[in-house]
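A.B. asks: Structure provided below as structure tokens; questions to follow.
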Amino acid sequence: MGFLEKLFGKPTQKENETMSNVKVAIIYYSSTGTNYKMAKWAEEGAKAQGAEVKLVKIPELAPQAAIDSNPAWKAHVEETKDVPEVTLDDLEWADAFIFSVPTRFGNIPGQVKQFLDTTGGLWFNGKLVNKVASAMSSAQNAHGGQEATILALYTTMHHWGTIVASPGYSDPVTFASGGNPYGTSVTVDQDGNMKEDVEEAVKYQAKRTIDIASRIKRGNE
């Protein structure tokens, strides 16, 4: 039994029904595939809870020459060419967001920042208030800025009035996957391989995000 079940008890039938009504947008940016894989795990975890899920990517802004110069980057762009790009409508539609983005010098990638900067209209009209958000990240070494990147992303969520659902230490899986309480993070070697096994942590984070979103939906009914 996890910490949430000990604290709140097991979900009732009504609570499970509410979880199945939660709409989740899983929004990722990935150059060579790590955060795409994490987003796919989050999608699996969310669907396992009965949530309605959209998996969408943040548009690539890098010059084609830069993409072509990196075989792994070029291959990933081709692999995911059919994944829909995120729109502002996806944010308005969703009850919850799960972001997965790599770190760039301890901050979010420019592609992600550009998209966030287009949300002013939704923010101004209060369309993002009381939605729920959670985030994940990756870097090439254990102290490469994963935590700082997640916290930087959460800064925008606070401005939106969105409720942050970080995993904390609410389940032992957080310790098993590296111990980041702000969101699941992973270290990636030079060959693109994840050094930690974070699949279950990602799926738990999706479950927790949906749980928090369902509680808020019930409170508004």
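Labels for the structure tokens follow display order: chains A, B, ..., residues from 1 in each chain, ligands from 1.
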List every residue of stretch 27-200 of chain A that DSSP, applied to the backbone of this structure, assigns to alpha helix (DSSP H), and report them as number ranges by chain.

C.D. replies: A: 34-48, 64-68, 71-79, 88-93, 110-116, 120-124, 146-160, 173-176, 199-200

A.B. asks: Between atom CA of A:Thr103 and atom CA of A:Glu147, measure the distance and give it in Å to one decimal.

C.D. replies: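 Atom CA of A:Glu147 lies at a distance of 9.0 Å from atom CA of A:Thr103.
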
A.B. asks: With a distance cut-off of 12 Å and only C-alpha atoms, select the neighbouring residues of A:Thr118, excluding the residue or stretch itself and same-chain residues fewer than 3 positions from it, and output the selection as a list in words.

C.D. replies: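 In the requested format, the answer is Val86, Thr87, Leu88, Asp89, Leu91, Gln111, Val112, Lys113, Gln114, Phe115, Gly121, Leu122, Trp123, Phe124 and Thr156 of chain A.
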
A.B. asks: Pick out the closest residue to A:Ala142 from this set: A:Val56, A:Val186, A:Ala66, A:Ala213. Count only C-alpha atoms.

C.D. replies: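 Using only C-alpha atoms, A:Ala142 sits closest to A:Val186.
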
A.B. asks: Taking only C-alpha atoms into account, name the residue in A:Asn130, A:Asn220, A:Asn141, A:Gln190 that is nearest to A:Trp160.

C.D. replies: A:Asn130
